[in-house]
>>> print(open('input_14.txt').read())   # compact mmCIF, C-alpha atoms
# COMPACT_ATOMS: atom_id res chain seq x y z
CA MET A 1 75.98 109.45 30.70
CA MET A 2 78.37 106.66 29.76
CA GLU A 3 78.44 105.54 26.13
CA ILE A 4 78.97 101.83 26.54
CA GLU A 5 80.08 101.18 22.98
CA SER A 6 82.73 103.85 22.89
CA LEU A 7 83.88 102.86 26.36
CA THR A 8 84.23 99.25 25.24
CA ARG A 9 86.10 100.28 22.10
CA ASP A 10 88.51 102.53 24.00
CA LEU A 11 89.27 99.95 26.65
CA GLN A 12 89.64 97.12 24.15
CA ALA A 13 92.20 99.24 22.32
CA ARG A 14 94.28 99.14 25.51
CA PHE A 15 93.47 95.74 27.00
CA GLY A 16 92.68 93.70 23.93
CA ALA A 17 89.57 92.05 22.55
CA GLY A 18 89.29 89.85 25.63
CA LEU A 19 87.87 92.79 27.57
CA SER A 20 84.13 93.26 27.78
CA VAL A 21 81.90 95.82 29.45
CA GLU A 22 78.67 94.63 31.05
CA THR A 23 75.89 96.93 32.15
CA ARG A 24 75.00 95.91 35.69
CA ARG A 25 72.71 98.83 36.39
CA PRO A 26 71.82 101.06 33.42
CA HIS A 27 73.43 104.50 33.63
CA SER A 28 75.00 103.80 37.01
CA VAL A 29 77.09 100.60 37.29
CA TYR A 30 79.21 99.00 34.56
CA GLN A 31 81.40 95.98 35.10
CA ILE A 32 84.70 96.11 33.25
CA GLN A 33 85.73 92.53 32.63
CA VAL A 34 89.46 92.78 32.06
CA PRO A 35 90.98 89.33 31.48
CA ALA A 36 92.72 89.41 34.87
CA PHE A 37 91.79 86.60 37.24
CA LEU A 38 92.28 86.14 40.96
CA ALA A 39 93.69 83.10 42.76
CA ASP A 40 90.43 81.14 42.62
CA GLY A 41 89.89 81.90 38.94
CA ASP A 42 87.23 84.56 39.41
CA ILE A 43 87.65 87.71 37.37
CA ALA A 44 88.97 90.81 39.16
CA GLN A 45 85.99 92.87 40.23
CA VAL A 46 86.18 96.24 38.49
CA PHE A 47 83.18 98.52 38.24
CA VAL A 48 82.82 101.98 36.81
CA CYS A 49 80.14 104.40 37.96
CA PRO A 50 79.68 107.72 36.16
CA ALA A 51 79.77 110.72 38.51
CA PRO A 52 77.54 113.77 37.99
CA ASP A 53 80.56 116.02 37.29
CA GLY A 54 81.67 113.95 34.32
CA ARG A 55 84.32 112.04 36.24
CA VAL A 56 84.12 108.32 36.92
CA ARG A 57 84.25 106.33 40.11
CA ILE A 58 86.26 103.14 39.80
CA THR A 59 85.33 100.70 42.53
CA ASP A 60 85.28 97.06 43.54
CA LEU A 61 81.84 97.63 45.15
CA GLY A 62 83.19 95.90 48.26
CA ALA A 63 84.00 92.61 46.51
CA THR A 64 87.54 92.42 47.92
CA ARG A 65 86.44 92.64 51.55
CA MET A 66 83.65 90.20 50.83
CA ARG A 67 86.14 87.66 49.43
CA LEU A 68 88.49 88.12 52.37
CA SER A 69 85.62 87.48 54.79
CA TYR A 70 85.19 83.91 53.52
CA THR A 71 88.18 82.75 55.57
CA ARG A 72 89.15 85.75 57.70
CA GLN A 73 87.60 87.95 60.35
CA LEU A 74 87.30 91.54 59.15
CA THR A 75 89.30 92.89 62.08
CA GLY A 76 90.56 96.43 62.50
CA ARG A 77 94.05 95.20 61.68
CA LEU A 78 92.89 93.62 58.44
CA GLU A 79 90.96 96.74 57.43
CA LEU A 80 94.00 98.93 58.14
CA THR A 81 96.22 96.68 56.07
CA LEU A 82 93.73 96.69 53.20
CA GLU A 83 93.47 100.45 53.43
CA GLY A 84 97.25 100.72 53.24
CA ILE A 85 97.38 98.54 50.13
CA ALA A 86 94.61 100.60 48.53
CA GLN A 87 96.31 103.91 49.31
CA ARG A 88 99.61 102.76 47.84
CA HIS A 89 97.83 102.39 44.51
CA GLY A 90 95.95 105.67 44.73
CA PHE A 91 92.69 104.22 46.06
CA SER A 92 90.86 104.60 49.35
CA LEU A 93 88.70 102.26 51.39
CA VAL A 94 85.35 103.95 51.85
CA SER A 95 82.28 102.23 53.30
CA GLY A 96 83.82 98.87 52.53
CA GLU A 97 84.64 99.71 48.90
CA ILE A 98 88.08 100.15 47.39
CA GLN A 99 87.50 103.13 45.16
CA THR A 100 88.74 106.27 43.54
CA THR A 101 87.14 109.00 41.47
CA THR A 102 89.06 110.14 38.47
CA ALA A 103 88.82 111.93 35.14
CA SER A 104 87.64 109.64 32.37
CA GLY A 105 91.04 110.07 30.73
CA GLU A 106 92.61 108.28 33.71
CA LEU A 107 90.27 105.31 33.51
CA VAL A 108 92.83 102.84 32.16
CA ALA A 109 95.37 103.63 34.88
CA GLY A 110 92.64 103.36 37.50
CA ILE A 111 91.48 99.97 36.26
CA ILE A 112 95.03 98.64 36.32
CA GLY A 113 95.50 100.03 39.84
CA LEU A 114 92.36 98.37 41.16
CA ILE A 115 93.35 95.01 39.68
CA GLN A 116 96.73 95.36 41.39
CA VAL A 117 95.07 96.09 44.73
CA GLU A 118 92.81 93.05 44.44
CA SER A 119 95.66 90.77 43.40
CA ALA A 120 97.89 92.02 46.21
CA ALA A 121 95.23 92.03 48.92
CA GLU A 122 95.06 88.35 49.80
CA VAL A 123 98.77 87.72 49.90
CA ALA A 124 99.73 91.02 51.54
CA ILE A 125 97.06 90.79 54.21
CA ASP A 126 98.11 87.31 55.25
CA THR A 127 101.72 88.43 55.53
CA ALA A 128 100.90 91.60 57.48
CA VAL A 129 98.46 89.90 59.82
CA ARG A 130 100.84 87.03 60.42
CA ARG A 131 103.66 89.50 61.13
CA ALA A 132 101.56 91.47 63.61
CA GLU A 133 100.30 88.32 65.30
CA SER A 134 103.83 86.98 65.50
CA SER A 135 104.98 90.23 67.09
CA GLU A 136 102.21 90.15 69.67
CA SER A 137 102.67 86.46 70.44
CA PHE A 138 106.40 87.10 71.01
CA ALA A 139 105.61 89.88 73.50
CA GLN A 140 103.00 87.70 75.17
CA ALA A 141 105.47 84.81 75.52
CA VAL A 142 108.10 87.08 77.10
CA ARG A 143 105.52 88.53 79.52
CA GLU A 144 104.56 85.03 80.57
CA SER A 145 108.23 84.22 81.22
CA LEU A 146 108.56 87.37 83.34
CA GLN A 147 105.48 86.46 85.30
CA LEU A 148 106.83 82.99 86.02
CA ALA A 149 110.34 84.17 86.94
CA PHE A 150 109.26 87.14 89.09
CA LYS A 151 106.14 85.70 90.74
CA GLY A 152 104.77 88.23 93.21
CA GLN A 153 107.44 90.75 92.29
CA ALA A 154 106.13 91.80 88.89
CA ASP A 155 103.12 93.72 87.67
CA ILE A 156 102.49 92.55 84.12
CA GLN A 157 101.05 95.11 81.65
CA TYR A 158 101.09 97.90 84.20
CA HIS A 159 99.67 101.37 83.62
CA LEU A 160 99.07 104.28 85.94
CA PRO A 161 95.63 104.34 87.62
CA ASP A 162 94.58 107.62 85.98
CA ASP A 163 95.46 106.23 82.54
CA VAL A 164 92.15 104.39 82.47
CA GLU A 165 92.47 103.32 78.83
CA GLY A 166 95.94 101.93 79.40
CA LEU A 167 97.39 104.00 76.57
CA TYR A 168 100.82 103.99 78.21
CA THR A 169 101.34 100.47 79.44
CA ALA A 170 104.65 98.98 80.51
CA ASP A 171 104.95 95.30 79.61
CA ALA A 172 106.08 94.70 83.20
CA VAL A 173 107.15 96.53 86.32
CA LEU A 174 109.59 94.65 88.53
CA ARG A 175 109.61 95.39 92.24
CA LEU A 176 112.58 93.58 93.67
CA GLY A 177 112.77 94.15 97.38
CA GLN A 178 113.18 97.69 98.64
CA LYS A 179 114.79 99.00 95.48
CA ARG A 180 113.21 101.34 93.00
CA ALA A 181 110.76 99.69 90.65
CA ALA A 182 111.99 98.96 87.13
CA GLY A 183 109.81 99.30 84.06
CA ILE A 184 110.32 96.72 81.31
CA CYS A 185 109.32 97.21 77.66
CA ILE A 186 109.35 94.48 75.03
CA VAL A 187 110.33 95.75 71.61
CA THR A 188 109.91 94.10 68.23
CA THR A 189 109.51 96.95 65.72
CA ASP A 190 110.14 100.67 65.38
CA GLY A 191 106.53 101.22 66.41
CA THR A 192 106.87 99.27 69.65
CA ALA A 193 110.25 100.93 70.32
CA ASP A 194 108.71 104.39 70.04
CA ARG A 195 105.77 103.29 72.16
CA ALA A 196 108.23 102.15 74.84
CA VAL A 197 109.91 105.56 74.80
CA MET A 198 106.57 107.39 75.02
CA THR A 199 105.47 105.19 77.91
CA LYS A 200 108.67 105.87 79.83
CA LEU A 201 108.40 109.63 79.27
CA TYR A 202 104.73 109.58 80.27
CA PHE A 203 105.56 107.86 83.54
CA ASP A 204 108.50 110.23 84.18
CA ALA A 205 106.33 113.29 83.69
CA ARG A 206 103.90 112.10 86.34
CA ALA A 207 106.43 110.89 88.95
CA LYS A 208 103.78 108.91 90.80
CA LYS A 209 104.38 106.84 93.88
CA ASN A 210 104.97 103.15 93.07
CA ALA A 211 105.75 103.99 89.46
CA PRO A 212 109.00 102.75 87.99
CA THR A 213 111.93 105.14 88.00
CA ARG A 214 114.26 103.01 85.92
CA TRP A 215 113.53 101.54 82.55
CA PHE A 216 114.94 98.68 80.52
CA SER A 217 114.00 97.09 77.22
CA ILE A 218 114.05 93.59 75.86
CA ALA A 219 114.42 93.55 72.08
CA ARG A 220 113.49 90.72 69.77
CA ASN A 221 116.40 91.94 67.64
CA ILE A 222 117.77 95.43 68.12
CA ASN A 223 119.46 95.29 64.71
CA ALA A 224 116.05 95.09 63.04
CA LEU A 225 115.12 98.56 64.32
CA GLY A 226 115.59 101.73 62.32
CA GLU A 227 118.53 103.87 63.38
CA ARG A 228 116.54 106.67 64.97
CA ALA A 229 114.08 104.39 66.75
CA ARG A 230 117.01 102.40 68.10
CA SER A 231 118.82 105.55 69.31
CA ARG A 232 115.73 106.89 71.06
CA LEU A 233 115.17 103.56 72.77
CA ILE A 234 118.74 103.16 73.94
CA LYS A 235 118.69 106.67 75.38
CA GLU A 236 115.46 106.26 77.36
CA ALA A 237 115.25 102.54 78.18
CA PRO A 238 118.62 100.80 77.87
CA VAL A 239 118.36 97.57 75.95
CA VAL A 240 119.58 94.95 78.38
CA VAL A 241 118.61 92.10 76.03
CA PRO A 242 119.48 93.17 72.47
CA VAL A 243 118.75 89.86 70.71
CA PHE A 244 116.26 87.80 72.66
CA ASP A 245 116.93 84.45 71.00
CA GLU A 246 120.56 84.60 72.14
CA GLU A 247 119.60 85.03 75.80
CA LYS A 248 116.19 83.46 76.17
CA GLN A 249 117.39 80.96 78.78
CA THR A 250 119.16 83.55 80.92
CA PHE A 251 117.41 86.88 80.32
CA THR A 252 115.42 86.82 83.56
CA ASP A 253 118.64 86.36 85.58
CA LYS A 254 120.12 89.32 83.74
CA LEU A 255 117.06 91.41 84.48
CA ARG A 256 117.26 90.48 88.13
CA LEU A 257 120.79 91.89 88.24
CA TYR A 258 119.88 95.13 86.47
CA ALA A 259 116.63 95.69 88.34
CA ALA A 260 117.97 94.85 91.78
CA MET B 1 95.09 63.18 56.94
CA ILE B 2 91.47 63.83 56.10
CA THR B 3 90.81 64.59 52.45
CA VAL B 4 88.52 67.12 50.81
CA GLY B 5 86.42 64.28 49.41
CA GLU B 6 85.93 62.76 52.87
CA LEU B 7 85.03 66.15 54.30
CA LEU B 8 82.43 66.77 51.59
CA GLN B 9 80.93 63.30 51.85
CA ALA B 10 80.54 63.35 55.64
CA PRO B 11 76.81 63.74 56.44
CA LYS B 12 76.16 67.18 57.90
CA CYS B 13 73.39 69.16 59.50
CA VAL B 14 73.17 72.87 60.17
CA HIS B 15 73.42 73.62 63.87
CA SER B 16 70.16 75.11 64.95
CA VAL B 17 71.05 78.15 67.04
CA PRO B 18 68.49 80.90 66.96
CA LYS B 19 70.90 83.80 67.53
CA HIS B 20 72.61 83.68 64.11
CA ARG B 21 71.80 87.00 62.50
CA VAL B 22 72.55 88.56 59.17
CA LYS B 23 75.31 91.11 59.73
CA ALA B 24 75.71 94.23 57.67
CA GLN B 25 79.36 94.75 56.75
CA MET B 26 78.91 98.06 54.93
CA SER B 27 79.17 96.91 51.32
CA HIS B 28 78.05 93.33 51.88
CA LEU B 29 75.77 91.29 54.12
CA GLN B 30 77.11 88.21 55.81
CA TRP B 31 75.72 85.26 57.68
CA ASP B 32 77.57 82.27 59.07
CA CYS B 33 76.34 79.14 60.76
CA ASP B 34 78.01 76.14 62.36
CA VAL B 35 77.50 72.80 60.68
CA GLU B 36 77.83 69.53 62.56
CA ALA B 37 79.44 66.46 61.06
CA GLN B 38 79.77 63.39 63.25
CA GLY B 39 83.24 62.00 63.68
CA VAL B 40 85.06 64.74 61.75
CA PRO B 41 87.72 66.76 63.59
CA GLY B 42 87.48 70.55 63.37
CA ARG B 43 84.36 72.44 62.38
CA PHE B 44 82.37 73.32 59.31
CA ILE B 45 80.76 76.66 58.62
CA VAL B 46 78.15 77.48 56.03
CA GLY B 47 78.56 81.11 54.99
CA LEU B 48 76.49 83.43 52.88
CA ARG B 49 77.80 86.72 51.51
CA VAL B 50 75.73 89.10 49.41
CA ASN B 51 76.95 92.29 47.76
CA VAL B 52 74.63 95.13 48.72
CA ALA B 53 75.01 97.09 45.46
CA LEU B 54 74.68 93.97 43.27
CA PRO B 55 72.70 91.33 45.19
CA GLU B 56 72.95 88.88 42.29
CA SER B 57 76.64 88.70 43.24
CA PHE B 58 76.43 86.37 46.21
CA SER B 59 78.42 83.45 47.57
CA PHE B 60 77.22 80.42 49.48
CA PHE B 61 80.22 78.51 50.77
CA LEU B 62 81.20 75.61 52.95
CA ARG B 63 84.29 76.34 54.99
CA TYR B 64 86.30 73.83 56.98
CA ASP B 65 88.22 75.03 60.04
CA ALA B 66 90.76 72.29 60.73
CA PRO B 67 92.00 71.89 64.31
CA ASP B 68 95.61 72.61 63.35
CA SER B 69 95.61 74.76 60.25
CA ALA B 70 94.01 77.81 58.68
CA PRO B 71 90.41 77.67 57.40
CA ALA B 72 89.71 76.58 53.84
CA VAL B 73 86.67 76.93 51.61
CA LEU B 74 85.86 73.49 50.18
CA LEU B 75 82.93 74.42 47.98
CA ARG B 76 81.43 77.69 46.86
CA VAL B 77 78.31 78.45 44.85
CA ASN B 78 78.33 81.89 43.29
CA GLY B 79 75.68 84.03 41.75
CA ASP B 80 76.61 86.21 38.82
CA HIS B 81 79.76 88.18 39.55
CA GLY B 82 81.31 88.02 36.11
CA LEU B 83 83.52 85.60 34.28
CA HIS B 84 85.43 82.72 35.75
CA LYS B 85 88.49 81.14 34.14
CA ASN B 86 89.56 77.59 34.91
CA PRO B 87 93.17 76.39 35.06
CA ASP B 88 92.68 74.69 31.68
CA GLY B 89 91.73 78.02 30.11
CA SER B 90 88.00 77.30 29.78
CA THR B 91 85.66 80.01 31.06
CA CYS B 92 82.16 80.25 32.38
CA ALA B 93 79.87 83.20 32.85
CA GLY B 94 76.97 83.71 35.24
CA PRO B 95 76.25 81.50 38.27
CA HIS B 96 78.88 78.85 38.88
CA VAL B 97 80.11 76.44 41.53
CA HIS B 98 83.73 76.25 42.66
CA THR B 99 84.17 72.53 43.11
CA PRO B 100 87.24 70.37 43.77
CA THR B 101 88.73 68.34 40.93
CA GLN B 102 89.33 64.62 41.26
CA SER B 103 92.90 65.11 42.43
CA GLN B 104 91.87 67.80 44.93
CA LEU B 105 89.25 65.45 46.38
CA SER B 106 92.06 63.06 47.34
CA ALA B 107 94.17 65.78 48.93
CA ALA B 108 93.98 67.77 52.17
CA PRO B 109 92.26 71.18 52.11
CA THR B 110 94.36 74.20 51.07
CA PRO B 111 94.58 76.69 53.97
CA LEU B 112 93.10 80.15 53.37
CA ALA B 113 91.82 79.15 49.94
CA SER B 114 88.71 81.16 49.04
CA GLY B 115 87.48 78.21 47.02
CA PRO B 116 88.65 75.62 44.50
CA LYS B 117 90.07 77.08 41.29
CA TYR B 118 87.92 74.96 39.03
CA ALA B 119 84.33 76.14 38.54
CA ALA B 120 81.44 74.72 36.56
CA ALA B 121 78.59 76.79 35.17
CA LEU B 122 75.22 76.36 36.81
CA PRO B 123 71.83 76.68 35.16
CA ALA B 124 70.00 80.01 35.26
CA PRO B 125 67.72 79.09 38.21
CA CYS B 126 70.83 79.13 40.41
CA GLN B 127 70.70 82.88 40.25
CA THR B 128 68.59 82.72 43.40
CA MET B 129 70.15 82.15 46.81
CA SER B 130 67.63 79.41 47.61
CA ALA B 131 68.55 77.46 44.49
CA ALA B 132 72.25 78.00 45.19
CA TRP B 133 71.77 76.64 48.69
CA GLU B 134 70.05 73.52 47.32
CA GLU B 135 72.98 73.01 44.95
CA MET B 136 75.46 73.29 47.79
CA ARG B 137 73.44 71.08 50.08
CA ALA B 138 73.41 68.30 47.51
CA ARG B 139 77.14 68.50 46.81
CA ALA B 140 78.18 68.68 50.47
CA CYS B 141 75.65 66.22 51.99
CA ILE B 142 73.91 68.78 54.20
CA THR B 143 70.36 68.12 55.36
CA PRO B 144 67.68 70.77 54.69
CA SER B 145 67.64 73.57 57.21
CA LYS B 146 65.06 76.09 58.34
CA GLU B 147 67.96 78.14 59.71
CA VAL B 148 69.32 78.70 56.24
CA ASP B 149 65.89 79.38 54.76
CA SER B 150 65.35 82.03 57.46
CA ALA B 151 68.76 83.54 56.79
CA ILE B 152 67.97 83.87 53.08
CA GLU B 153 64.68 85.49 53.94
CA GLY B 154 66.46 87.83 56.34
CA VAL B 155 68.98 88.79 53.69
CA ASN B 156 66.28 89.50 51.12
CA LYS B 157 64.40 91.70 53.60
CA LYS B 158 67.54 93.65 54.46
CA LEU B 159 68.38 94.12 50.79
CA ALA B 160 64.88 95.34 50.03
CA LYS B 161 65.07 97.84 52.86
CA LEU B 162 68.52 99.05 51.80
CA ALA B 163 67.44 99.46 48.20
CA VAL B 164 64.50 101.58 49.19
CA ASP B 165 66.19 103.57 51.96
CA GLN B 166 69.70 104.20 50.80
CA LEU B 167 70.73 103.16 47.35
CA ASN B 168 67.71 104.09 45.30
CA LEU B 169 68.78 101.35 42.87
CA PRO B 170 66.36 99.02 41.17
CA LEU B 171 66.45 95.82 43.19
CA VAL B 172 67.24 92.67 41.24
CA SER B 173 65.87 90.11 43.64
CA PRO B 174 68.10 87.03 43.60
>>> encode(input="input_14.txt", output="structure tokens")
Amino acid sequence: MMEIESLTRDLQARFGAGLSVETRRPHSVYQIQVPAFLADGDIAQVFVCPAPDGRVRITDLGATRMRLSYTRQLTGRLELTLEGIAQRHGFSLVSGEIQTTTASGELVAGIIGLIQVESAAEVAIDTAVRRAESSESFAQAVRESLQLAFKGQADIQYHLPDDVEGLYTADAVLRLGQKRAAGICIVTTDGTADRAVMTKLYFDARAKKNAPTRWFSIARNINALGERARSRLIKEAPVVVPVFDEEKQTFTDKLRLYAA
Amino acid sequence: MITVGELLQAPKCVHSVPKHRVKAQMSHLQWDCDVEAQGVPGRFIVGLRVNVALPESFSFFLRYDAPDSAPAVLLRVNGDHGLHKNPDGSTCAGPHVHTPTQSQLSAAPTPLASGPKYAAALPAPCQTMSAAWEEMRARACITPSKEVDSAIEGVNKKLAKLAVDQLNLPLVSP
């Protein structure tokens, strides 16, 4: 059972007299009102729930996701980003709540951690989602250019027929005349570079008819990749366009030469 | 440029579409509905969010989705989710309404804002979702709506069921 007065005293000793503890549900949910306020002026949502084993669960009771949902869709990408932010501060995202269970002696550190997660969430999620959307919209724009330039000679977002889920999808496969088909991968990050390598190796292992037997990559900026991701990519799918912005007017001509 | 004040003052009515349902999002319930405003570009949404563990912590908000920028919450009526602190240092506890200041009324909406930073305390009756909705309706020129009344009823039913089935917590009916 939580002694509210001693809890208040202990926390005020650390956070100052501005802190208060409110009983939201007797014996089960206490709101710790630390004078830390979010962007819209509302207090950071920190709740403490005593656990049967004497430890305490520190949680936002789902308030962070609820706030984010005012102006954002709760997509898988957003949830993953929020989970990442939570984990970096020692919390996990469970059933919509950012929470951790800890010894009562770690309560102060836990409260500070949760406030940091809530403060970081809005800004960090916008940045991460914008970055991911920017990455995908770049790839989409390049695919559209390939489709226009190689009308009738390109399969956009091609995967093998028995890969029904499309887990190994080439951004494009160029079939220029009688020559061997060429697989094209568009790369923006280490993740997409490694995915390109895996896709190429998957296709190679299956050696199917009509599948590409040569592979090339188009990089948004090869210098932005990590060393190992870059090396793997260069080895498996030579980067014929290393910095897209520098060749965006001419890259399809270049591809035509390489893939012919 | 359309200002926050113009957006709030534009007469609005809740779009009557029967398929809007209360969605369970694990730790909160949510319901959104389109709102029509003649002659205003973009769209308005009335949203309701209720925390499952603490149903008195709810938000009724009016969001504006501009045609060429990110959504922004123009007005938000909150139940009791703890203290609020205004930019001038004043605080309020209990139910409150996030409402634009005079200067914000003359400006364009702030993209991705979860609500204006300034909030004013509301009287105790605004602890209920119905009263909060009436408060928001009056401030944002929205006509009464059976859709919203049904949504509130739907939320209360879901909360009652959850309290009995899963949480075993005493239900504080908002």
>>> interface_residues(input="input_14.txt", of="chain B", to="chain A", cutoff="7 Å", atoms="all atoms listed in the file", output="PyMOL selection string")
chain B and resi 26-28+49+53+71-72+82-86+112+114-117
>>> closest_residue(input="input_14.txt", among="B:Gly94, B:Pro111, B:Gly39, B:Gly79", to="Tyr64 in chain B", atoms="all atoms listed in the file")
B:Pro111
>>> residues_around(input="input_14.txt", residues="Phe138 in chain A", least_positions_apart="4", cutoff="9 Å", atoms="only C-alpha atoms", output="list in words")
Glu133, Ser134, Val142, Arg143, Ile186, Thr188 and Arg220 of chain A
>>> axis_aligned_box(input="input_14.txt", around="range 195-198 of chain A", padding_each_side="6 Å", output="AutoDock Vina command-line options")
--center_x 107.8 --center_y 104.8 --center_z 73.6 --size_x 16.1 --size_y 17.2 --size_z 14.9
>>> residues_near_point(input="input_14.txt", point="(116.8, 103.6, 88.9)", cutoff="10 Å", atoms="all atoms listed in the file", output="ChimeraX atom specification")
/A:179-183,212-216,258-260
>>> closest_residue(input="input_14.txt", among="B:Leu8, B:Val73, B:Ser59, B:Lys146", to="Ile45 in chain B", atoms="all atoms listed in the file")
B:Val73
>>> residues_near_point(input="input_14.txt", point="(90.1, 95.9, 60.0)", cutoff="12 Å", atoms="only C-alpha atoms", output="MDAnalysis selection string")
(chainID A and resid 65 68:69 72:84 93 96 125 128:129) or (chainID B and resid 25)
>>> residues_around(input="input_14.txt", residues="Pro123 in chain B", least_positions_apart="4", cutoff="10 Å", atoms="only C-alpha atoms", output="list in words")
Gly94, Pro95, His96, Gln127 and Ala131 of chain B
>>> atom_distance(input="input_14.txt", atom1="CA of Lys161 in chain B", atom2="CA of Arg76 in chain B")
26.6 Å
>>> atom_distance(input="input_14.txt", atom1="CA of His15 in chain B", atom2="CA of Val35 in chain B")
5.2 Å
